[in-house]
file work-v6.json (JSON, C-alpha atoms)
[["chain", "number", "residue", "atom", "x", "y", "z"],
["A", 11, "MET", "CA", 64.19, -32.36, -44.78],
["A", 12, "LYS", "CA", 62.26, -34.82, -46.95],
["A", 13, "THR", "CA", 59.67, -32.11, -47.62],
["A", 14, "LEU", "CA", 62.39, -29.63, -48.49],
["A", 15, "LEU", "CA", 64.02, -32.03, -50.93],
["A", 16, "ILE", "CA", 60.70, -32.74, -52.62],
["A", 17, "MET", "CA", 60.08, -28.99, -52.87],
["A", 18, "LEU", "CA", 63.43, -28.41, -54.47],
["A", 19, "PHE", "CA", 63.25, -31.23, -56.99],
["A", 20, "SER", "CA", 59.69, -31.69, -57.78],
["A", 21, "VAL", "CA", 54.46, -29.14, -61.28],
["A", 22, "SER", "CA", 51.49, -28.73, -59.15],
["A", 23, "ALA", "CA", 48.01, -27.28, -58.95],
["A", 24, "LEU", "CA", 46.94, -25.11, -61.88],
["A", 25, "ALA", "CA", 50.35, -24.10, -63.10],
["A", 26, "HIS", "CA", 52.14, -24.80, -66.35],
["A", 27, "PRO", "CA", 51.84, -28.56, -67.05],
["A", 28, "VAL", "CA", 53.36, -27.92, -70.49],
["A", 29, "ILE", "CA", 55.76, -25.06, -71.12],
["A", 30, "TYR", "CA", 57.92, -23.95, -74.07],
["A", 31, "GLN", "CA", 59.64, -26.56, -76.25],
["A", 32, "ASP", "CA", 62.79, -27.96, -74.61],
["A", 33, "GLY", "CA", 61.88, -26.38, -71.29],
["A", 34, "TRP", "CA", 62.27, -28.16, -67.96],
["A", 35, "VAL", "CA", 59.93, -27.53, -65.06],
["A", 36, "ALA", "CA", 60.23, -28.66, -61.46],
["A", 37, "SER", "CA", 57.66, -27.87, -58.82],
["A", 38, "THR", "CA", 55.79, -28.93, -55.77],
["A", 39, "MET", "CA", 52.75, -27.98, -53.74],
["A", 40, "VAL", "CA", 52.68, -28.94, -50.10],
["A", 41, "MET", "CA", 49.73, -28.85, -47.68],
["A", 42, "SER", "CA", 49.54, -30.57, -44.32],
["A", 43, "ASP", "CA", 47.72, -33.63, -45.69],
["A", 44, "MET", "CA", 48.94, -33.55, -49.30],
["A", 45, "THR", "CA", 52.12, -33.25, -51.36],
["A", 46, "ASP", "CA", 52.15, -33.02, -55.16],
["A", 47, "ALA", "CA", 55.66, -32.94, -56.60],
["A", 48, "GLN", "CA", 56.61, -33.11, -60.25],
["A", 49, "ALA", "CA", 59.53, -32.75, -62.62],
["A", 50, "GLY", "CA", 59.00, -32.65, -66.35],
["A", 51, "TYR", "CA", 60.32, -31.80, -69.79],
["A", 52, "SER", "CA", 58.33, -30.22, -72.63],
["A", 53, "PHE", "CA", 59.49, -31.98, -75.77],
["A", 54, "THR", "CA", 57.10, -29.94, -77.92],
["A", 55, "PRO", "CA", 54.96, -26.87, -77.04],
["A", 56, "ARG", "CA", 52.03, -29.37, -76.75],
["A", 57, "TRP", "CA", 53.48, -32.38, -74.93],
["A", 58, "ALA", "CA", 55.45, -32.84, -71.74],
["A", 59, "GLY", "CA", 56.57, -35.92, -69.86],
["A", 60, "GLY", "CA", 57.99, -36.44, -66.42],
["A", 61, "ALA", "CA", 57.70, -37.91, -62.95],
["A", 62, "ASN", "CA", 55.02, -37.22, -60.34],
["A", 63, "TYR", "CA", 54.95, -37.99, -56.63],
["A", 64, "TRP", "CA", 51.76, -37.80, -54.52],
["A", 65, "ARG", "CA", 51.32, -38.11, -50.78],
["A", 66, "LEU", "CA", 47.81, -38.01, -49.35],
["A", 67, "ARG", "CA", 46.82, -38.41, -45.71],
["A", 68, "ASN", "CA", 43.30, -38.99, -44.45],
["A", 69, "PRO", "CA", 41.85, -37.80, -41.12],
["A", 70, "ARG", "CA", 42.64, -41.19, -39.52],
["A", 71, "GLY", "CA", 46.35, -40.61, -40.18],
["A", 72, "GLN", "CA", 46.61, -43.22, -42.96],
["A", 73, "GLU", "CA", 48.88, -42.22, -45.81],
["A", 74, "ARG", "CA", 49.00, -43.11, -49.49],
["A", 75, "GLU", "CA", 51.99, -42.48, -51.72],
["A", 76, "LEU", "CA", 52.04, -42.72, -55.50],
["A", 77, "TRP", "CA", 55.02, -42.58, -57.81],
["A", 78, "LEU", "CA", 54.00, -42.04, -61.43],
["A", 79, "GLY", "CA", 55.46, -41.45, -64.85],
["A", 80, "LYS", "CA", 53.36, -38.69, -66.32],
["A", 81, "LEU", "CA", 52.31, -37.30, -69.70],
["A", 82, "ASN", "CA", 50.75, -33.86, -70.03],
["A", 83, "HIS", "CA", 49.08, -32.60, -73.22],
["A", 84, "LEU", "CA", 48.09, -29.09, -74.13],
["A", 85, "ALA", "CA", 44.85, -30.02, -75.94],
["A", 86, "TYR", "CA", 43.76, -26.46, -76.71],
["A", 87, "ARG", "CA", 45.25, -22.98, -76.55],
["A", 88, "HIS", "CA", 43.77, -19.65, -77.54],
["A", 89, "ASN", "CA", 46.27, -16.83, -77.76],
["A", 90, "GLY", "CA", 44.16, -13.68, -77.63],
["A", 91, "GLU", "CA", 45.39, -10.11, -77.94],
["A", 92, "SER", "CA", 45.32, -9.64, -74.17],
["A", 93, "SER", "CA", 44.47, -13.08, -72.85],
["A", 94, "GLN", "CA", 45.32, -16.73, -73.05],
["A", 95, "ALA", "CA", 43.08, -19.80, -72.53],
["A", 96, "ASN", "CA", 44.27, -23.40, -72.17],
["A", 97, "VAL", "CA", 42.93, -26.92, -71.77],
["A", 98, "TYR", "CA", 45.36, -29.59, -70.55],
["A", 99, "LEU", "CA", 44.98, -33.36, -70.23],
["A", 100, "HIS", "CA", 46.96, -35.42, -67.68],
["A", 101, "ALA", "CA", 47.72, -39.15, -67.61],
["A", 102, "GLY", "CA", 50.06, -41.06, -65.31],
["A", 103, "LEU", "CA", 51.06, -44.66, -64.62],
["A", 104, "GLY", "CA", 53.40, -46.20, -62.05],
["A", 105, "ASP", "CA", 52.58, -47.88, -58.73],
["A", 106, "GLY", "CA", 49.14, -46.39, -59.32],
["A", 107, "TRP", "CA", 47.44, -44.43, -62.03],
["A", 108, "MET", "CA", 46.01, -40.99, -62.63],
["A", 109, "GLY", "CA", 44.04, -39.07, -65.23],
["A", 110, "GLY", "CA", 42.77, -35.55, -65.32],
["A", 111, "ILE", "CA", 41.74, -32.39, -67.07],
["A", 112, "GLU", "CA", 42.61, -28.78, -66.39],
["A", 113, "ALA", "CA", 41.45, -25.48, -67.91],
["A", 114, "ASP", "CA", 42.47, -21.90, -67.33],
["A", 115, "TRP", "CA", 41.95, -18.40, -68.68],
["A", 116, "GLU", "CA", 44.13, -15.46, -67.80],
["A", 117, "THR", "CA", 44.92, -11.87, -68.61],
["A", 118, "ARG", "CA", 47.69, -9.82, -67.05],
["A", 119, "GLN", "CA", 45.39, -9.08, -64.13],
["A", 120, "HIS", "CA", 42.83, -11.86, -63.91],
["A", 121, "PHE", "CA", 43.06, -15.62, -63.61],
["A", 122, "VAL", "CA", 40.43, -18.38, -63.51],
["A", 123, "GLY", "CA", 41.36, -22.06, -63.39],
["A", 124, "ILE", "CA", 39.80, -25.44, -62.63],
["A", 125, "LYS", "CA", 41.31, -28.89, -62.44],
["A", 126, "HIS", "CA", 40.04, -32.42, -61.81],
["A", 127, "LEU", "CA", 42.31, -35.39, -61.17],
["A", 128, "HIS", "CA", 41.44, -39.02, -60.49],
["A", 129, "LEU", "CA", 44.15, -40.94, -58.62],
["A", 130, "GLY", "CA", 44.09, -44.67, -58.01],
["A", 131, "GLN", "CA", 46.07, -47.56, -56.57],
["A", 132, "ARG", "CA", 45.23, -51.05, -55.34],
["A", 133, "GLU", "CA", 42.17, -50.76, -53.05],
["A", 134, "PHE", "CA", 42.31, -46.99, -53.19],
["A", 135, "ASP", "CA", 41.11, -44.22, -55.39],
["A", 136, "THR", "CA", 40.25, -40.58, -54.98],
["A", 137, "ASP", "CA", 39.17, -37.50, -56.87],
["A", 138, "ILE", "CA", 40.77, -34.10, -56.45],
["A", 139, "TRP", "CA", 39.04, -30.90, -57.52],
["A", 140, "VAL", "CA", 40.84, -27.54, -57.54],
["A", 141, "GLY", "CA", 39.43, -24.14, -58.46],
["A", 142, "ARG", "CA", 41.20, -20.80, -58.42],
["A", 143, "LEU", "CA", 40.35, -17.14, -58.92],
["A", 144, "GLY", "CA", 43.22, -14.67, -59.09],
["A", 145, "TYR", "CA", 43.83, -10.93, -59.36],
["A", 146, "SER", "CA", 47.08, -9.07, -59.89],
["A", 147, "PRO", "CA", 46.85, -5.54, -58.46],
["A", 148, "VAL", "CA", 50.06, -4.37, -60.16],
["A", 149, "THR", "CA", 51.12, -5.21, -63.74],
["A", 150, "ALA", "CA", 54.89, -5.29, -63.42],
["A", 151, "PRO", "CA", 57.21, -5.18, -66.46],
["A", 152, "PHE", "CA", 58.57, -8.41, -67.93],
["A", 153, "ASP", "CA", 61.66, -8.45, -65.72],
["A", 154, "GLY", "CA", 59.87, -7.27, -62.58],
["A", 155, "LEU", "CA", 58.39, -9.09, -59.62],
["A", 156, "GLN", "CA", 54.84, -10.24, -60.45],
["A", 157, "SER", "CA", 52.34, -10.52, -57.61],
["A", 158, "TRP", "CA", 48.91, -12.15, -57.48],
["A", 159, "VAL", "CA", 46.31, -12.70, -54.79],
["A", 160, "MET", "CA", 44.26, -15.84, -55.29],
["A", 161, "LEU", "CA", 41.36, -17.67, -53.73],
["A", 162, "GLN", "CA", 41.66, -21.44, -53.93],
["A", 163, "ALA", "CA", 39.03, -24.12, -53.35],
["A", 164, "TRP", "CA", 40.39, -27.65, -52.89],
["A", 165, "HIS", "CA", 38.47, -30.88, -52.48],
["A", 166, "ASP", "CA", 40.17, -34.25, -52.05],
["A", 167, "ARG", "CA", 37.77, -37.12, -51.36],
["A", 168, "TYR", "CA", 40.44, -39.14, -49.53],
["A", 169, "SER", "CA", 41.90, -36.50, -47.25],
["A", 170, "ALA", "CA", 38.75, -34.65, -46.23],
["A", 171, "SER", "CA", 35.00, -34.75, -46.74],
["A", 172, "GLU", "CA", 34.79, -30.96, -46.80],
["A", 173, "THR", "CA", 36.08, -28.49, -49.42],
["A", 174, "LYS", "CA", 39.00, -26.41, -48.24],
["A", 175, "LEU", "CA", 38.87, -22.75, -49.16],
["A", 176, "GLY", "CA", 41.58, -20.18, -48.62],
["A", 177, "PRO", "CA", 43.62, -17.22, -49.91],
["A", 178, "LEU", "CA", 47.13, -17.39, -51.27],
["A", 179, "LEU", "CA", 49.82, -15.03, -52.50],
["A", 180, "ARG", "CA", 51.54, -15.94, -55.78],
["A", 181, "LEU", "CA", 54.84, -14.27, -56.63],
["A", 182, "PHE", "CA", 57.02, -14.87, -59.62],
["A", 183, "TYR", "CA", 60.26, -13.41, -60.76],
["A", 184, "HIS", "CA", 61.90, -14.44, -64.04],
["A", 185, "ASN", "CA", 61.70, -18.26, -64.00],
["A", 186, "ILE", "CA", 60.80, -18.84, -60.34],
["A", 187, "LEU", "CA", 57.27, -19.01, -58.89],
["A", 188, "TRP", "CA", 56.49, -19.04, -55.18],
["A", 189, "GLU", "CA", 53.09, -19.37, -53.49],
["A", 190, "MET", "CA", 52.19, -19.08, -49.85],
["A", 191, "GLY", "CA", 48.70, -19.51, -48.50],
["A", 192, "ALA", "CA", 46.40, -20.96, -45.94],
["A", 193, "THR", "CA", 42.95, -22.47, -45.83],
["A", 194, "PHE", "CA", 40.17, -21.23, -43.57],
["A", 195, "GLN", "CA", 40.43, -24.64, -41.92],
["A", 196, "GLY", "CA", 43.96, -23.77, -40.77],
["A", 197, "ASP", "CA", 46.15, -25.63, -43.29],
["A", 198, "MET", "CA", 49.25, -24.00, -44.73],
["A", 199, "LEU", "CA", 50.01, -24.15, -48.46],
["A", 200, "LEU", "CA", 53.40, -23.72, -50.11],
["A", 201, "THR", "CA", 54.26, -23.97, -53.81],
["A", 202, "LEU", "CA", 57.63, -23.62, -55.48],
["A", 203, "MET", "CA", 58.19, -23.88, -59.22],
["A", 204, "VAL", "CA", 61.20, -23.36, -61.47],
["A", 205, "HIS", "CA", 61.34, -23.27, -65.28],
["A", 206, "LEU", "CA", 64.70, -24.12, -66.82],
["B", 27, "MET", "CA", 87.46, 2.70, -103.24],
["B", 28, "LYS", "CA", 86.94, -1.05, -103.38],
["B", 29, "TRP", "CA", 87.31, -1.29, -99.59],
["B", 30, "LEU", "CA", 84.77, 1.48, -99.03],
["B", 31, "PHE", "CA", 82.31, -0.34, -101.29],
["B", 32, "VAL", "CA", 82.76, -3.61, -99.36],
["B", 33, "LEU", "CA", 82.39, -1.79, -96.06],
["B", 34, "LEU", "CA", 79.14, -0.15, -97.11],
["B", 35, "LEU", "CA", 77.66, -3.44, -98.26],
["B", 36, "SER", "CA", 78.66, -5.65, -95.32],
["B", 37, "ALA", "CA", 77.97, -5.28, -91.58],
["B", 38, "PRO", "CA", 75.42, -2.46, -91.52],
["B", 39, "VAL", "CA", 73.19, -4.38, -93.89],
["B", 40, "LEU", "CA", 73.02, -7.35, -91.47],
["B", 41, "ALA", "CA", 72.19, -5.41, -88.31],
["B", 42, "GLU", "CA", 68.47, -4.97, -87.81],
["B", 43, "THR", "CA", 65.93, -4.11, -85.18],
["B", 44, "ILE", "CA", 62.91, -6.36, -85.58],
["B", 45, "GLN", "CA", 59.63, -5.81, -83.77],
["B", 46, "VAL", "CA", 57.42, -8.87, -83.45],
["B", 47, "GLY", "CA", 53.79, -8.56, -82.37],
["B", 48, "VAL", "CA", 52.81, -11.54, -80.20],
["B", 49, "ASN", "CA", 49.36, -12.64, -78.99],
["B", 50, "GLY", "CA", 48.82, -14.51, -75.72],
["B", 51, "MET", "CA", 51.78, -13.03, -73.89],
["B", 52, "VAL", "CA", 50.14, -12.42, -70.51],
["B", 53, "CYS", "CA", 52.42, -14.24, -68.09],
["B", 54, "SER", "CA", 56.01, -13.06, -67.69],
["B", 55, "MET", "CA", 57.22, -16.37, -66.31],
["B", 56, "CYS", "CA", 55.80, -18.28, -69.31],
["B", 57, "ALA", "CA", 57.21, -15.67, -71.71],
["B", 58, "GLN", "CA", 60.71, -16.41, -70.41],
["B", 59, "GLY", "CA", 60.59, -19.15, -73.06],
["B", 60, "ILE", "CA", 60.70, -16.45, -75.76],
["B", 61, "LYS", "CA", 63.97, -15.14, -74.34],
["B", 62, "LYS", "CA", 65.36, -18.66, -74.11],
["B", 63, "LYS", "CA", 64.38, -19.53, -77.68],
["B", 64, "PHE", "CA", 65.85, -16.38, -79.26],
["B", 65, "GLY", "CA", 68.86, -16.58, -76.94],
["B", 66, "ALA", "CA", 69.86, -19.73, -78.82],
["B", 67, "GLU", "CA", 69.84, -17.86, -82.16],
["B", 68, "LYS", "CA", 73.35, -16.74, -83.12],
["B", 69, "ALA", "CA", 72.02, -13.80, -85.13],
["B", 70, "VAL", "CA", 70.21, -12.28, -82.13],
["B", 71, "ARG", "CA", 72.22, -9.82, -80.02],
["B", 72, "LYS", "CA", 69.51, -8.44, -77.72],
["B", 73, "ILE", "CA", 65.94, -9.44, -76.81],
["B", 74, "ASP", "CA", 63.37, -7.20, -75.16],
["B", 75, "VAL", "CA", 59.87, -8.36, -74.18],
["B", 76, "ASP", "CA", 57.18, -5.69, -73.63],
["B", 77, "LEU", "CA", 54.06, -7.27, -72.14],
["B", 78, "ASP", "CA", 52.08, -4.00, -72.25],
["B", 79, "ARG", "CA", 52.62, -3.43, -75.99],
["B", 80, "LYS", "CA", 52.62, -7.22, -76.73],
["B", 81, "VAL", "CA", 55.84, -6.78, -78.66],
["B", 82, "VAL", "CA", 59.15, -8.65, -78.71],
["B", 83, "THR", "CA", 62.04, -6.49, -79.99],
["B", 84, "LEU", "CA", 65.05, -8.28, -81.45],
["B", 85, "GLU", "CA", 68.36, -6.62, -82.24],
["B", 86, "THR", "CA", 70.22, -8.77, -84.72],
["B", 87, "GLU", "CA", 73.69, -8.83, -86.20],
["B", 88, "GLY", "CA", 72.96, -11.41, -88.88],
["B", 89, "LYS", "CA", 70.13, -12.52, -91.11],
["B", 90, "LEU", "CA", 67.06, -13.79, -89.28],
["B", 91, "GLU", "CA", 64.26, -14.93, -91.57],
["B", 92, "ASP", "CA", 60.57, -14.39, -90.80],
["B", 93, "ALA", "CA", 60.05, -18.17, -90.80],
["B", 94, "ALA", "CA", 62.68, -18.59, -88.06],
["B", 95, "ILE", "CA", 61.06, -15.86, -85.97],
["B", 96, "ARG", "CA", 57.62, -17.48, -86.30],
["B", 97, "ALA", "CA", 59.07, -20.90, -85.43],
["B", 98, "ARG", "CA", 60.77, -19.65, -82.23],
["B", 99, "ILE", "CA", 57.61, -17.82, -81.07],
["B", 100, "GLU", "CA", 55.44, -20.90, -81.76],
["B", 101, "GLU", "CA", 57.91, -23.17, -79.94],
["B", 102, "ALA", "CA", 57.46, -20.84, -76.97],
["B", 103, "GLY", "CA", 53.67, -21.36, -77.23],
["B", 104, "TYR", "CA", 52.57, -18.04, -78.70],
["B", 105, "ALA", "CA", 51.17, -16.60, -81.96],
["B", 106, "VAL", "CA", 52.84, -14.00, -84.17],
["B", 107, "THR", "CA", 50.61, -11.14, -85.34],
["B", 108, "ARG", "CA", 53.16, -9.07, -87.28],
["B", 109, "ILE", "CA", 56.87, -8.68, -88.03],
["B", 110, "ASP", "CA", 58.24, -5.18, -88.64],
["B", 111, "ARG", "CA", 61.86, -4.61, -89.68],
["B", 112, "GLN", "CA", 63.76, -1.33, -89.22]]
call {"tool": "encode", "arguments": {"input": "work-v6.json", "output": "structure tokens"}}
result
Amino acid sequence: MKTLLIMLFSVSALAHPVIYQDGWVASTMVMSDMTDAQAGYSFTPRWAGGANYWRLRNPRGQERELWLGKLNHLAYRHNGESSQANVYLHAGLGDGWMGGIEADWETRQHFVGIKHLHLGQREFDTDIWVGRLGYSPVTAPFDGLQSWVMLQAWHDRYSASETKLGPLLRLFYHNILWEMGATFQGDMLLTLMVHL
Amino acid sequence: MKWLFVLLLSAPVLAETIQVGVNGMVCSMCAQGIKKKFGAEKAVRKIDVDLDRKVVTLETEGKLEDAAIRARIEEAGYAVTRIDRQ
């Protein structure tokens, strides 16, 4: 129930840290040993602020939770004729701190993204690295259901010493995005995002 | 005669179909912001986004300046390449 609530009210890995001006975004990504849930508001097309919740669990079953106020900045955007490229900066402060950088490039059929976050709290800190490659086999019209297959690599120094690799399916329809996936190590991955 | 003259010079003059070329429009979920931005414009009656042609088509029933069109597209995070009025 707690997970469901976080999913419903929470922006996560490699997806829209800053959206259109006056847009609201709520999202979460859940894996067995990690939850990243965010809610934010883009007050310009370059800046967004909001709240961010993190839960990380290590192999010994110890958990860390962070509640942060967060600022996201679109530092660079290239709007090409058939592509878009972005660089985002992240900063957060609350009962811990975080900082990070994210970059992506996409066309209607191809996506490449990388992200690095550093999270810290008293007597705890970790680095999270995420990389994604995506391909959309069908270019649906604006109002149609968009579908992507992606390969994600995820490394979190606190939760696991190894990098988790796995496929996921990304679907979006109008203002709702849904991802389902798994890692080759057997973890499930779920993402839900809404733009308002 | 006077009424005919007024009629000819009023409503039809204000209704327009405007085609806006937009760069960077690759993600339909992100481009929902374009619909939201123009949806708040009183002069806009209908909005159509064509990702293949990279064109936003606006049907208006009032005056919509080029500057306002550029501002709404930029607020949505995109770049205008051209504005054609019909």
call {"tool": "residues_around", "arguments": {"input": "work-v6.json", "residues": "range 64-77 of chain B", "least_positions_apart": "6", "cutoff": "7 Å", "atoms": "only C-alpha atoms", "output": "list in words"}}
result
Pro151 and Phe152 of chain A; Met51, Val52, Thr83, Leu84, Glu85, Thr86, Glu87, Gly88, Lys89, Leu90 and Arg98 of chain B
call {"tool": "residues_around", "arguments": {"input": "work-v6.json", "residues": "Ala105 in chain B", "least_positions_apart": "3", "cutoff": "10 Å", "atoms": "only C-alpha atoms", "output": "list in words"}}
result
His88, Asn89, Gly90 and Glu91 of chain A; Gly47, Val48, Asn49, Gly50, Met51, Arg96, Ala97, Ile99, Glu100, Glu101, Ala102 and Arg108 of chain B
call {"tool": "residues_around", "arguments": {"input": "work-v6.json", "residues": "Thr54 in chain A", "least_positions_apart": "2", "cutoff": "8 Å", "atoms": "only C-alpha atoms", "output": "count of residues only"}}
result
8
call {"tool": "interface_residues", "arguments": {"input": "work-v6.json", "of": "chain A", "to": "chain B", "cutoff": "10 Å", "atoms": "only C-alpha atoms", "output": "ChimeraX atom specification"}}
result
/A:26,28-33,53-56,87-95,116-120,149-156,182-187,204-206
call {"tool": "atom_distance", "arguments": {"input": "work-v6.json", "atom1": "CA of Tyr168 in chain A", "atom2": "CA of Phe121 in chain A"}}
result
27.5 Å
call {"tool": "atom_distance", "arguments": {"input": "work-v6.json", "atom1": "CA of Thr173 in chain A", "atom2": "CA of Gln195 in chain A"}}
result
9.5 Å
call {"tool": "closest_residue", "arguments": {"input": "work-v6.json", "among": "A:Asn62, A:Gln131, A:Gln72, A:Ser157", "to": "Gly102 in chain A", "atoms": "all atoms listed in the file"}}
result
A:Asn62
call {"tool": "atom_distance", "arguments": {"input": "work-v6.json", "atom1": "CA of Leu84 in chain A", "atom2": "CA of Leu103 in chain A"}}
result
18.5 Å
call {"tool": "closest_residue", "arguments": {"input": "work-v6.json", "among": "A:Ala61, A:Thr38, A:Thr193, A:Pro27", "to": "Lys125 in chain A", "atoms": "only C-alpha atoms"}}
result
A:Pro27
call {"tool": "residues_near_point", "arguments": {"input": "work-v6.json", "point": "(39.4, -47.4, -50.3)", "cutoff": "12 Å", "atoms": "only C-alpha atoms", "output": "list in words"}}
result
Asn68, Gln72, Glu73, Arg74, Leu129, Gly130, Gln131, Arg132, Glu133, Phe134, Asp135, Thr136, Asp137, Arg167, Tyr168 and Ser169 of chain A
call {"tool": "residues_around", "arguments": {"input": "work-v6.json", "residues": "range 96-98 of chain A", "least_positions_apart": "4", "cutoff": "7 Å", "atoms": "all atoms listed in the file", "output": "list of chain:residue names"}}
result
A:Asn82, A:His83, A:Leu84, A:Ala85, A:Tyr86, A:Arg87, A:His88, A:Ile111, A:Glu112, A:Ala113, A:Asp114, A:Trp115
call {"tool": "residues_near_point", "arguments": {"input": "work-v6.json", "point": "(51.2, -47.6, -59.2)", "cutoff": "7 Å", "atoms": "all atoms listed in the file", "output": "PyMOL selection string"}}
result
chain A and resi 76-78+103-107+131
call {"tool": "residues_around", "arguments": {"input": "work-v6.json", "residues": "Pro177 in chain A", "least_positions_apart": "6", "cutoff": "12 Å", "atoms": "only C-alpha atoms", "output": "list in words"}}
result
Gly141, Arg142, Leu143, Gly144, Tyr145, Trp158, Val159, Met160, Leu161, Gln162, Ala163, Trp164, Glu189, Met190, Gly191, Ala192, Thr193, Phe194, Gln195, Gly196, Asp197, Met198, Leu199 and Leu200 of chain A
call {"tool": "axis_aligned_box", "arguments": {"input": "work-v6.json", "around": "range 64-72 of chain B", "padding_each_side": "5 Å", "output": "lines of an AutoDock Vina configuration file"}}
result
center_x = 69.6
center_y = -14.1
center_z = -81.0
size_x = 17.5
size_y = 21.3
size_z = 18.2
